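A short write-up of the structure that comes next.
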Amino acid sequence: MSKIIIAGLALSSFVLAATSWAWDPGEADEYDAKAQAAIAAFLEKDPSIQRFFDSAVGYVVIPTVGKAGFGIGGARGKGVLYENGEVTANVTLTQLSFGFQWGGQAYSEFIFFEDEATLTNFKRGNYELGAQASAVAITAGVSADAEFNGGMAIFTQAKGGLMYEASVGGQKFKVEAKK
């Protein structure tokens, strides 16, 4: 019984650490400002990624996703959805994963939508990316070979931390239209 309690406490502390790395802005302007800074860093690392900003019907920017795990892991981040260059919704990412994993990290995540149908499906809220979805980790020039897959292109950019992982888990997104 004590092992279960210790495991529960360990999981709770890792999830709390992951959520503390994710920023929690109170105003739409702060969401947008953090997202714009993440976009600038993203383009600085690989300017050829601009083609996704130019061709996508919409895109999500989550400036900081905090992730931590020890057997069971969690991740959380908040960001914004852009359509025609304007913020149209707030987006919250959550993830729970199981498997070999240890550590913590922070990263930015960018999701581009190729067509209106895919974007509309995402905006319905409570959208989930399964384990089959894959993201491209941004390094200089990596986007040259990147393509849309299933109407989406997903990129991540590491910000810090160290995580050893061989886990299975999906990301879930909550989309709240801007009021």
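Convention: chains lettered A, B, ... in structure tokens order; per-chain residue numbering from 1; ligands numbered from 1 as shown.
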Residues near stretch 146-152 of chain A, cut-off 6 Å, only C-alpha atoms, skip fewer than 4 positions along chain, as a compact mmCIF listing (two decimals) with N, CA and C atoms, in the first residue's frame:
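Okay, around_37.txt is ready:
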```
# COMPACT_ATOMS: atom_id res chain seq x y z
N PHE A 112 0.34 23.30 -37.68
CA PHE A 112 -0.16 23.99 -38.86
C PHE A 112 -1.26 23.17 -39.50
N PHE A 113 -2.32 23.84 -39.97
CA PHE A 113 -3.46 23.17 -40.59
C PHE A 113 -3.47 23.48 -42.08
N GLU A 114 -3.48 22.41 -42.87
CA GLU A 114 -3.39 22.54 -44.33
C GLU A 114 -4.69 22.99 -44.96
N THR A 118 -9.68 20.27 -41.70
CA THR A 118 -8.85 19.86 -40.56
C THR A 118 -8.91 20.90 -39.45
```
Self-check item: Within 12 Å of stretch 79-83 of chain A using only C-alpha atoms, minus same-chain residues under 5 positions, as a ChimeraX atom specification
Solution: /A:22-39,53-65,88-94,108-116,119-120,122-123,125,173-178
Quiz item: Which residue out of A:Ile72, A:Ala117, A:Ala158, A:Arg124 has the minimum interatomic distance to A:Gln95 when only C-alpha atoms are used?
Solution: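 Among the listed residues, A:Ile72 lies closest to A:Gln95.
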Quiz item: Please, what distance in Å, to one decimal, runs between atom CA of A:Arg76 and atom CA of A:Tyr107?
Solution: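 Atom-to-atom, atom CA of A:Arg76 and atom CA of A:Tyr107 are spaced 10.5 Å apart.
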